[in-house]
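For reference, the structure is listed below as structure tokens.
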Protein chains: 4
Amino acid sequence: MREAREACGLFGIVGDAAAVLKTYYGLYSLQHRGQESAGIVSSEGTRLRLHKGMGLVADVFSPATLERIAGPLAMGHVRYSTTGASTLLNAQPLVADCAGGPIAVAHNGNLVNSGELRRELEAHGSIFQTTVDSEIVLHLLAHPDHAGKPDGLARTFRRLRGAFSLLLLTPRELIAVRDPNGFRPLCLGRLGGAYVVASETCAFDLIKANYVRDIEPGEILHVTKDGVRSERYTEAGEARSSFCVFEHVYFARPDSRVFGDTVHIVRMRLGAELAREHPAKADLVMAVPDSGNSAALGYASTSGIPFEQGFIRNHYVGRTFIQPTQGARDQEVEIKLNIVREVVEGKRVVVVDDSIVRGTTARSRVKALREVGAREVHLRVSCPPIRHPCFYGIDFPDPRQLIANERSVPQIRDYLGVDSLGYLSLEGMLRAAPGQPADRFCAACYSGRYPVPVEAGMRKEIFERGAPSCG
Amino acid sequence: MREAREACGLFGIVGDAAAVLKTYYGLYSLQHRGQESAGIVSSEGTRLRLHKGMGLVADVFSPATLERIAGPLAMGHVRYSTTGASTLLNAQPLVADCAGGPIAVAHNGNLVNSGELRRELEAHGSIFQTTVDSEIVLHLLAHPDHAGKPDGLARTFRRLRGAFSLLLLTPRELIAVRDPNGFRPLCLGRLGGAYVVASETCAFDLIKANYVRDIEPGEILHVTKDGVRSERYTEAGEARSSFCVFEHVYFARPDSRVFGDTVHIVRMRLGAELAREHPAKADLVMAVPDSGNSAALGYASTSGIPFEQGFIRNHYVGRTFIQPTQGARDQEVEIKLNIVREVVEGKRVVVVDDSIVRGTTARSRVKALREVGAREVHLRVSCPPIRHPCFYGIDFPDPRQLIANERSVPQIRDYLGVDSLGYLSLEGMLRAAPGQPADRFCAACYSGRYPVPVEAGMRKEIFERGAPSCG
Amino acid sequence: MREAREACGLFGIVGDAAAVLKTYYGLYSLQHRGQESAGIVSSEGTRLRLHKGMGLVADVFSPATLERIAGPLAMGHVRYSTTGASTLLNAQPLVADCAGGPIAVAHNGNLVNSGELRRELEAHGSIFQTTVDSEIVLHLLAHPDHAGKPDGLARTFRRLRGAFSLLLLTPRELIAVRDPNGFRPLCLGRLGGAYVVASETCAFDLIKANYVRDIEPGEILHVTKDGVRSERYTEAGEARSSFCVFEHVYFARPDSRVFGDTVHIVRMRLGAELAREHPAKADLVMAVPDSGNSAALGYASTSGIPFEQGFIRNHYVGRTFIQPTQGARDQEVEIKLNIVREVVEGKRVVVVDDSIVRGTTARSRVKALREVGAREVHLRVSCPPIRHPCFYGIDFPDPRQLIANERSVPQIRDYLGVDSLGYLSLEGMLRAAPGQPADRFCAACYSGRYPVPVEAGMRKEIFERGAPSCG
Amino acid sequence: MREAREACGLFGIVGDAAAVLKTYYGLYSLQHRGQESAGIVSSEGTRLRLHKGMGLVADVFSPATLERIAGPLAMGHVRYSTTGASTLLNAQPLVADCAGGPIAVAHNGNLVNSGELRRELEAHGSIFQTTVDSEIVLHLLAHPDHAGKPDGLARTFRRLRGAFSLLLLTPRELIAVRDPNGFRPLCLGRLGGAYVVASETCAFDLIKANYVRDIEPGEILHVTKDGVRSERYTEAGEARSSFCVFEHVYFARPDSRVFGDTVHIVRMRLGAELAREHPAKADLVMAVPDSGNSAALGYASTSGIPFEQGFIRNHYVGRTFIQPTQGARDQEVEIKLNIVREVVEGKRVVVVDDSIVRGTTARSRVKALREVGAREVHLRVSCPPIRHPCFYGIDFPDPRQLIANERSVPQIRDYLGVDSLGYLSLEGMLRAAPGQPADRFCAACYSGRYPVPVEAGMRKEIFERGAPSCG
């Protein structure tokens, strides 16, 4: 369920006369990865031009704006702030002038040594004008140890720890980079003579680009009008891949291909595994729409229990919704998901959800199902209980707010008021993506096993001191 | 498919301290019936207070606004303009002062004798400040022949021809009226000591009101803090009911109960009929989401062909989308509906849509299905071809733009590029709503048989002369 | 001082290809007469097109808007609301369709028999959708007694009592009307082949039109592309003129010519009279800028005391100013008018103001003058004490808030804390406009002698019941 | 005349519970120094909070915003962009985190060695995210050579060349600095126990603070809750003062005290000198309002020719004005300044203006004076011809657009169409400010003698490369 907030979406393109417009479309496709700010930076060959703003892609850009920054190289970013300092100053891409000329950066992921890097850079004299990781990348690139050096990029990226799918834009080049573990997705596509890079392949579909391959963990890909050139800044195999499994479970769009598999297919398989692990005697299977749809279809198909549409979603619910009373969060859920009484009345229903974070939505909807007469409610969740924070770019709430924190599954079952509750096992989950071996995924939010060590006392808060706000 | 535009949604409540807030929630539930303007008028017992604006309910109202017009009687309206004069001046409710004091009106439907009434009223000296039917109602109510007369309301409503579900608000009373044919839905609900009226029952669910009954065709229902009182302005049975079947096919929300049946259930049955009338040899059944979902489930269930999710909908598409080129309408469709290649590649697919208006969306998506490798595409439509204009409140495009206008089904099949095309028959469609006999529906847009004669030369345009515009 | 609020400004033009743009400029010149809403209605020969909005002329209109309503006939209105119901619904011009076709009205002034007319019209069946006088005019024009009758206009205007400078626009004609007393100004100008009508001649200067003459009290002037045609609806001399002297004292722009005299010149003469009636032993004369400038120059010139600039006005003060504390009104005055200490320190100063309404500004600034060391402060006011409400279109505050209400001049002097206080006498004031005999002015706010009887129990409030609000 | 654009205004306060609100008022007073963006940064003792935006002070801040950043230390900035990159990213104050903690800077003036400093800092690894001088100051302060060093501030400011009145804010301290030449004003005031710093004393008047003294050229003033502490970073007298004389001529508000003199008094004296240098036989003296008012009064008083008000200014003219045609700039002037025909008709008039930059306004208004019948027009300008660019913070247009560039005074006279033209001499101008010896002023825009050498090839453009734009 939509209680975890996505981090960011990236899109870049080189060699297309309508690069800025295509970036706009690309960001539109990636809007689910971030709804708080959007930005595009472009180049006509010598200088960078930027437009960014708070809000949805459709609100931030007008035709006049896109026209004003038109150019054959462009990249863009959508973002959901992970800190309190959610302001225009922190919106990406970030653009800076440095010794090597102008450069822009857009970042999806989260560094786990940002405090250490920041202290080091500050000691060198760097000033930080934002509270986002991306600025660290700019400072490192501009540092005399790296700037103008043949291996400056590689040495910069070797300093970073954690999750980073990055796009850099200079006046003549787009550079795509992925961390050695490949936590976050990043794909390469082709559109006629142009090359395209995006967080998810759904962005390619819209502009009719073809998927070529994933940017590899540890790879630096240089894209210019003359084509692409790849280099590595880590030895291949130096780090084991740790792809974020939550992209498959919830984040990515079902029509996207990430980490080698189509998300919808993976989710169908998650549902199928779930049906095998946690069967139920029931009259119908229904999804918590839309994120639970694929898994519910998989569950229904494998269990042989008919798939039904018991929830109707109101798509007009947005952030401007008025919440006048204490029960407002409940109220929002009620507006968002209404029940078709005739479907569930007197029935034993299996409700399939992709994941449970706080449990607020689930509890409210279960109660509502009871009220309209559901005879039994069996909740099935297509991943294990989420018990640990993510340091690699997913914005879960404070661990104390996670429903599975310090609660056993039977306790959660009672809390939610369901007749039975089944979480997919870790093994079951990791088996569902056939394109990757199970050990190539990061499942730290379920297992607590963090593939990249987090700096002692790492707190995102370090980035919040002095956080400027700006309307 | 979403190519017909909805007319309006109504909500009213009397006897609840939070009447204005509940009206806000009610309009939120009815947002699908009109996205262009929203308004609420309330009373604290002596005077009416109005707030309305262009845009979605969530944008028009702020907590401060709701607070400012708080009162125990309230009613609201959402609207999609059916004329070019889509402006704030035309937004509803309309409020006027007349001899009997202040009165407000909100209207769902379309009068077919508006030109005649308007000419008559103008001859009497009436001035028209808007171009909406509702203003005619106000003038008739204020006319000395009706105002202050014991049967003034009844005599007013007997002058109106066509479709009108109306709400009137005076400082002490909410009045709900439905035309003798009952073209548009209007339901009565109860919430504790308060009475509620709404276009669809989904508005009751959100505020936890219970459905009581439909306002009857030809009924005037007076709602005050002391309860409800019903009168009739036509003899029962004087007019035969002609409920708009398109409410079931497409308009109403699937979780609503209209004309005695739950919409989702009716749509499932439309799909089932369709499967019987137009079977297909195929590997999977998929819907054009979201409006085709219910019928597709019905088709799958009856045909035994598995239901699959082949289209993924991007819910961020809105009216602000940038359309830079000729192919913009196509582009919008592409953004809205992407395909999961793995689901359809190499498959024989049945695509179920609720209806086809222009055919633009269908043609574009069929082409896209071919491109990703669908082997066969069988289109099934859960209603007959739409060939005639609606004069009772549904805003179809100009008949010349209807795909079924002057095209046979084989011609449409070729135009859309599908392997087979099956429209549900008129009889099949009318059979699907078990709560009403087939002859109680208006199906004029399919059959051309208009249950209420339309005034000679009726043109909506009569309402557009001098149409003022206002920012 | 700016404590009385202006009512309205009118502008109309026929026969110029850029009529809408010139109306925009004209309203810009008349902005001082109303800052709350602005509107323009135009005709291209068959229908009327309207754009209006809340705010300043420059904010309400964009180039695209002006282009969209372009046409060779146009008229516009700026307004300061005189009631609480200050909303877009009340913004002018009002446009309506009636039996005779579309018609628009814009009004400057105030009717004193509006309650009576409204009741009569309501009894006939008229519905009132706004709370402004102008709507009454539309209803009367549309009434079968008047509409289509050869003397319909004349009979309509003979029904109106009070102050009304009116513009009407039909698709082919602009009609300018002035009440029999001529309370409010209205002038005719010529620009090449086009005719122009405006509240003040400053609007002519900007578009380089030439002043021709005033519309006469009791005159109806028809302006078409073929020229002007005049008719009278009252006998000449039937009513004695009663021009609003406050237009000269404060309202009109100093560069305008109203009632036959240039305002700046009249104000200089007011200052000269004031110097004769209330001389002072002082070192310098200073104005409360900008409204007191002309009178102060006249005082200085006649008294021989040097004119100095002791107050500096901050022109950025607007309505958005933040008023956080009780003393906010004082604070606003302080921001608006600062003192040049060196000018007044140790000096005996004469401060000339055009008028004193509440006295808030005067008291605050006198205190400030003392604080920076003025030795003596002699306040001179270029009109008599304002003691009575205006029913003819000037929005003075509630009489209880007028400083001169129930206070003698010595009491006012003590309240304001000045060493001496001199108000110009009624006779002195009426002598200052050489273009008109003294008895041709309305000075009711000073004298209490109302030239047109006000209906018993007339309350603006009658227009406020049911006042709709609209964002 | 208002053709030169102001640079910036500064305000800071320490030790007042309502520091942020007072900063808001202070910026309101300084609005004439910059209308494009406004910002306030505050501290509650540990961290900095910033709000800034494009537009006027009244538009950028709401009561809620001021409340949100409330704290006992605050400083603010208003700005008129001097580059094309006029965007929110460039709005001040700038805030950054560096090794020493958070710090904010606000700057009035222009550095003349910014290119050199920027190159040096970039070589060290600094990245520049804005195109404003102020960012250079932050980088220098954070540099390891300065940060944490006892003389770090002094060493930083010794690196800067050119004009800089600066405010810095750390969580516990406000620091005010002025360049060794003191080009731009900066004053210290006291309000109860709080200290206040502002560009002009008019800001003190509004909040009722008392002027204490000017910050001295070459001084660093530390302001904390415990009081003020002064240090010098240059030897007293090391640099000769070069106060910008244009502050007296045009920039500063007449009610302000800058460089030891009250501006209005200086301008009166400029007018008096002008009368002596360039007498005229005329019937009246009139000002180009408002900036020419003081000098015109001085001219009138000295010459004995009566002062009259011939121009009326329309104060509603703003940046949103629509300019549809080529003559738009003329049109704007016409809207802004109308003429009182009766004042000038048949008269020999002396028009006094503070300065002439492009000459557009002057030429247009002289023509208009002729049209309404002025018999002779004698233009008097209270400063010499402006012929040279300013590198110290005043945004004159491109020298090629200066009317005095490559034109002799007789040529200018003919171009403007006046009967005689008199510019005040350099000596006359420098004599008018009694508080300072003539050689303590910078008059480079008149004389071409630049008191601080400008770096070879200095171009503001260096700051524009890669200039990001941001809505």
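Letters A, B, ... go to the chains of the structure tokens in the order shown; residues in each chain start at 1; ligands are counted from 1 in the same order.
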Hey, what's within 12 Å of Val212 (chain B) if we count only C-alpha atoms and toss same-chain stuff fewer than 4 positions away? As a VMD selection string, please? chain B and resid 186 to 191 195 to 198 201 204 216 228 257 260
Just write the chosen residues, N, CA and C atoms, as an mmCIF file, in the first residue's frame.
data_model
loop_
_atom_site.group_PDB
_atom_site.id
_atom_site.type_symbol
_atom_site.label_atom_id
_atom_site.label_comp_id
_atom_site.auth_asym_id
_atom_site.auth_seq_id
_atom_site.Cartn_x
_atom_site.Cartn_y
_atom_site.Cartn_z
ATOM 1 N N LEU B 186 -31.198 10.108 -8.607
ATOM 2 C CA LEU B 186 -31.211 10.968 -7.419
ATOM 3 C C LEU B 186 -31.709 10.110 -6.261
ATOM 4 N N CYS B 187 -30.895 10.030 -5.207
ATOM 5 C CA CYS B 187 -31.172 9.075 -4.128
ATOM 6 C C CYS B 187 -31.319 9.786 -2.801
ATOM 7 N N LEU B 188 -32.086 9.186 -1.938
ATOM 8 C CA LEU B 188 -32.274 9.698 -0.582
ATOM 9 C C LEU B 188 -31.547 8.786 0.392
ATOM 10 N N GLY B 189 -30.848 9.406 1.340
ATOM 11 C CA GLY B 189 -30.153 8.624 2.354
ATOM 12 C C GLY B 189 -30.399 9.211 3.728
ATOM 13 N N ARG B 190 -29.945 8.501 4.725
ATOM 14 C CA ARG B 190 -30.143 8.967 6.092
ATOM 15 C C ARG B 190 -28.861 8.803 6.879
ATOM 16 N N LEU B 191 -28.571 9.796 7.685
ATOM 17 C CA LEU B 191 -27.346 9.761 8.494
ATOM 18 C C LEU B 191 -27.721 10.268 9.879
ATOM 19 N N TYR B 195 -31.009 14.025 6.832
ATOM 20 C CA TYR B 195 -31.332 13.440 5.538
ATOM 21 C C TYR B 195 -30.339 13.931 4.488
ATOM 22 N N VAL B 196 -30.049 13.032 3.572
ATOM 23 C CA VAL B 196 -29.053 13.316 2.556
ATOM 24 C C VAL B 196 -29.638 12.973 1.198
ATOM 25 N N VAL B 197 -29.285 13.774 0.188
ATOM 26 C CA VAL B 197 -29.692 13.499 -1.180
ATOM 27 C C VAL B 197 -28.440 13.546 -2.046
ATOM 28 N N ALA B 198 -28.317 12.609 -2.970
ATOM 29 C CA ALA B 198 -27.128 12.602 -3.817
ATOM 30 C C ALA B 198 -27.434 11.941 -5.145
ATOM 31 N N THR B 201 -25.119 6.716 -4.807
ATOM 32 C CA THR B 201 -24.976 6.263 -3.420
ATOM 33 C C THR B 201 -23.530 6.214 -2.952
ATOM 34 N N PHE B 204 -23.028 8.468 -0.267
ATOM 35 C CA PHE B 204 -23.518 8.064 1.061
ATOM 36 C C PHE B 204 -22.463 7.240 1.781
ATOM 37 N N GLU B 216 -38.457 9.556 -6.450
ATOM 38 C CA GLU B 216 -39.191 8.973 -7.574
ATOM 39 C C GLU B 216 -39.356 9.963 -8.717
ATOM 40 N N VAL B 228 -38.781 14.685 6.292
ATOM 41 C CA VAL B 228 -39.062 14.807 4.863
ATOM 42 C C VAL B 228 -40.562 14.743 4.615
ATOM 43 N N ARG B 257 -25.114 2.562 -6.362
ATOM 44 C CA ARG B 257 -26.373 1.910 -6.680
ATOM 45 C C ARG B 257 -27.224 2.967 -7.372
ATOM 46 N N GLY B 260 -31.815 1.239 -8.800
ATOM 47 C CA GLY B 260 -32.128 -0.033 -8.170
ATOM 48 C C GLY B 260 -31.098 -1.127 -8.306
#
Considering only C-alpha atoms, return as number ranges by chain whatever protein or nucleic-acid residues lie within 6 Å of region 297-299 of chain D, sequence-local ones (same chain, fewer than 5 positions apart) excluded. D: 268, 271-272, 275
Name all residues at most 7 Å from Val266 (chain A) (count only C-alpha atoms; drop same-chain ones fewer than 3 positions away) and give them as a ChimeraX atom specification. /A:248,261-263,269-270,432-433
Would you mind exporting the chosen residues as a PDB file, in the first residue's frame, restricted to N, CA and C atoms?
ATOM      1  N   HIS A 248      10.554  -4.198  -7.070  1.00  0.00           N
ATOM      2  CA  HIS A 248       9.636  -5.199  -7.619  1.00  0.00           C
ATOM      3  C   HIS A 248       8.346  -5.283  -6.806  1.00  0.00           C
ATOM      4  N   ASP A 261      13.667  -8.091 -15.195  1.00  0.00           N
ATOM      5  CA  ASP A 261      12.334  -8.696 -15.220  1.00  0.00           C
ATOM      6  C   ASP A 261      11.256  -7.631 -15.327  1.00  0.00           C
ATOM      7  N   THR A 262      10.140  -8.036 -15.946  1.00  0.00           N
ATOM      8  CA  THR A 262       8.996  -7.131 -15.989  1.00  0.00           C
ATOM      9  C   THR A 262       8.268  -7.189 -14.646  1.00  0.00           C
ATOM     10  N   VAL A 263       8.019  -6.029 -14.104  1.00  0.00           N
ATOM     11  CA  VAL A 263       7.535  -5.934 -12.732  1.00  0.00           C
ATOM     12  C   VAL A 263       6.194  -6.643 -12.556  1.00  0.00           C
ATOM     13  N   ARG A 269       3.954 -13.510  -9.958  1.00  0.00           N
ATOM     14  CA  ARG A 269       4.641 -14.656  -9.344  1.00  0.00           C
ATOM     15  C   ARG A 269       4.701 -14.540  -7.823  1.00  0.00           C
ATOM     16  N   LEU A 270       4.835 -13.290  -7.340  1.00  0.00           N
ATOM     17  CA  LEU A 270       4.760 -13.099  -5.891  1.00  0.00           C
ATOM     18  C   LEU A 270       3.398 -13.567  -5.387  1.00  0.00           C
ATOM     19  N   ALA A 432      10.831 -14.957  -6.773  1.00  0.00           N
ATOM     20  CA  ALA A 432       9.812 -14.561  -7.758  1.00  0.00           C
ATOM     21  C   ALA A 432      10.370 -13.844  -8.988  1.00  0.00           C
ATOM     22  N   ALA A 433      11.612 -13.342  -8.868  1.00  0.00           N
ATOM     23  CA  ALA A 433      12.182 -12.627 -10.018  1.00  0.00           C
ATOM     24  C   ALA A 433      13.155 -13.555 -10.723  1.00  0.00           C
TER      25      ALA A 433
END
Would you kindly report the residues of chain D within 6 Å of chain A, using only C-alpha atoms, as a PyMOL selection string? chain D and resi 47-53+96-99+102+122-123+125+127-129+142-144+466+468-471
Looking only at strand (DSSP E or B) from DSSP on the backbone, list the matching residues of region 357-420 of chain D as a ChimeraX atom specification. /D:376-381,395,420
At a cut-off of 10 Å, using only C-alpha atoms, what residues contact region 406-415 of chain B? Leave out same-chain residues fewer than 5 positions from it and give the result as a list in words. Gly359, Arg363, His378, Leu379, Pro385, Arg387, Pro399, Arg400, Ser420, Leu421, Gly422 and Tyr423 of chain B
May I have the residues within 12 Å of Arg33 (chain A) as a ChimeraX atom specification, using only C-alpha atoms and disregarding those fewer than 4 positions away in the same chain? /A:2,4-11,26-29,37-38,56-57,77-81,108-109,184-185,198-200,202-203,247,250-253,393-395 /B:316
For region 439-451 of chain B, work out the shell of residues within 8 Å, counting only C-alpha atoms and skipping chain neighbours fewer than 5 positions away, then give it as number ranges by chain. B: 183, 240-246, 384-390, 426, 430
Which value, in Å to one decimal, gives the distance between CA of Val343 (chain C) and CA of Gly304 (chain C)? 17.5 Å
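Counting from CA of Asp16 (chain D), the distance to CA of Ala64 (chain D) is 18.8 Å.
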With DSSP run on the backbone, what are the alpha helix (DSSP H) residues within region 130-176 of chain C? I'd like them as a PyMOL selection string. chain C and resi 133-142+152-159
Same residues, N, CA and C atoms, saved as a short mmCIF file (atom, residue, chain, number, x, y, z; two decimals), in the first residue's frame:
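The resulting out-v9.cif:
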data_model
loop_
_atom_site.label_atom_id
_atom_site.label_comp_id
_atom_site.auth_asym_id
_atom_site.auth_seq_id
_atom_site.Cartn_x
_atom_site.Cartn_y
_atom_site.Cartn_z
N ASP C 133 -26.64 47.93 -7.68
CA ASP C 133 -27.71 48.73 -8.29
C ASP C 133 -27.86 48.45 -9.78
N SER C 134 -26.74 48.20 -10.42
CA SER C 134 -26.75 48.07 -11.88
C SER C 134 -27.72 46.99 -12.32
N GLU C 135 -27.90 45.96 -11.50
CA GLU C 135 -28.79 44.90 -11.91
C GLU C 135 -30.23 45.41 -12.02
N ILE C 136 -30.60 46.33 -11.13
CA ILE C 136 -31.93 46.92 -11.20
C ILE C 136 -32.15 47.57 -12.56
N VAL C 137 -31.13 48.26 -13.04
CA VAL C 137 -31.25 48.93 -14.34
C VAL C 137 -31.54 47.91 -15.44
N LEU C 138 -30.82 46.77 -15.40
CA LEU C 138 -31.05 45.74 -16.41
C LEU C 138 -32.48 45.22 -16.35
N HIS C 139 -32.97 44.97 -15.15
CA HIS C 139 -34.34 44.44 -15.02
C HIS C 139 -35.36 45.45 -15.55
N LEU C 140 -35.16 46.72 -15.22
CA LEU C 140 -36.10 47.73 -15.71
C LEU C 140 -36.08 47.81 -17.23
N LEU C 141 -34.89 47.78 -17.80
CA LEU C 141 -34.78 47.86 -19.25
C LEU C 141 -35.49 46.69 -19.92
N ALA C 142 -35.43 45.51 -19.28
CA ALA C 142 -36.00 44.30 -19.87
C ALA C 142 -37.50 44.17 -19.61
N GLY C 152 -38.58 53.52 -24.18
CA GLY C 152 -38.24 52.58 -23.10
C GLY C 152 -37.07 53.04 -22.26
N LEU C 153 -36.06 53.54 -22.90
CA LEU C 153 -34.89 54.01 -22.13
C LEU C 153 -35.29 55.17 -21.24
N ALA C 154 -35.95 56.14 -21.82
CA ALA C 154 -36.33 57.32 -21.05
C ALA C 154 -37.21 56.93 -19.87
N ARG C 155 -38.15 56.05 -20.13
CA ARG C 155 -39.03 55.64 -19.02
C ARG C 155 -38.28 54.88 -17.95
N THR C 156 -37.32 54.12 -18.39
CA THR C 156 -36.49 53.41 -17.40
C THR C 156 -35.75 54.40 -16.52
N PHE C 157 -35.07 55.35 -17.13
CA PHE C 157 -34.22 56.24 -16.33
C PHE C 157 -35.06 57.15 -15.45
N ARG C 158 -36.29 57.42 -15.88
CA ARG C 158 -37.15 58.25 -15.04
C ARG C 158 -37.59 57.51 -13.78
N ARG C 159 -37.47 56.20 -13.80
CA ARG C 159 -37.80 55.45 -12.59
C ARG C 159 -36.69 55.51 -11.53
#
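Closest to Ser165 (chain A) among A:Asp205, A:Glu334, A:Asp283, A:Glu219 is A:Glu219, based on only C-alpha atoms.
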Using only C-alpha atoms, which residues sit within 7 Å of region 346-357 of chain C once same-chain residues fewer than 4 positions away are excluded, as a VMD selection string? chain C and resid 1 3 to 4 249 to 250 282 to 288 291 to 292 295 to 296 373 to 383 386 402 to 403
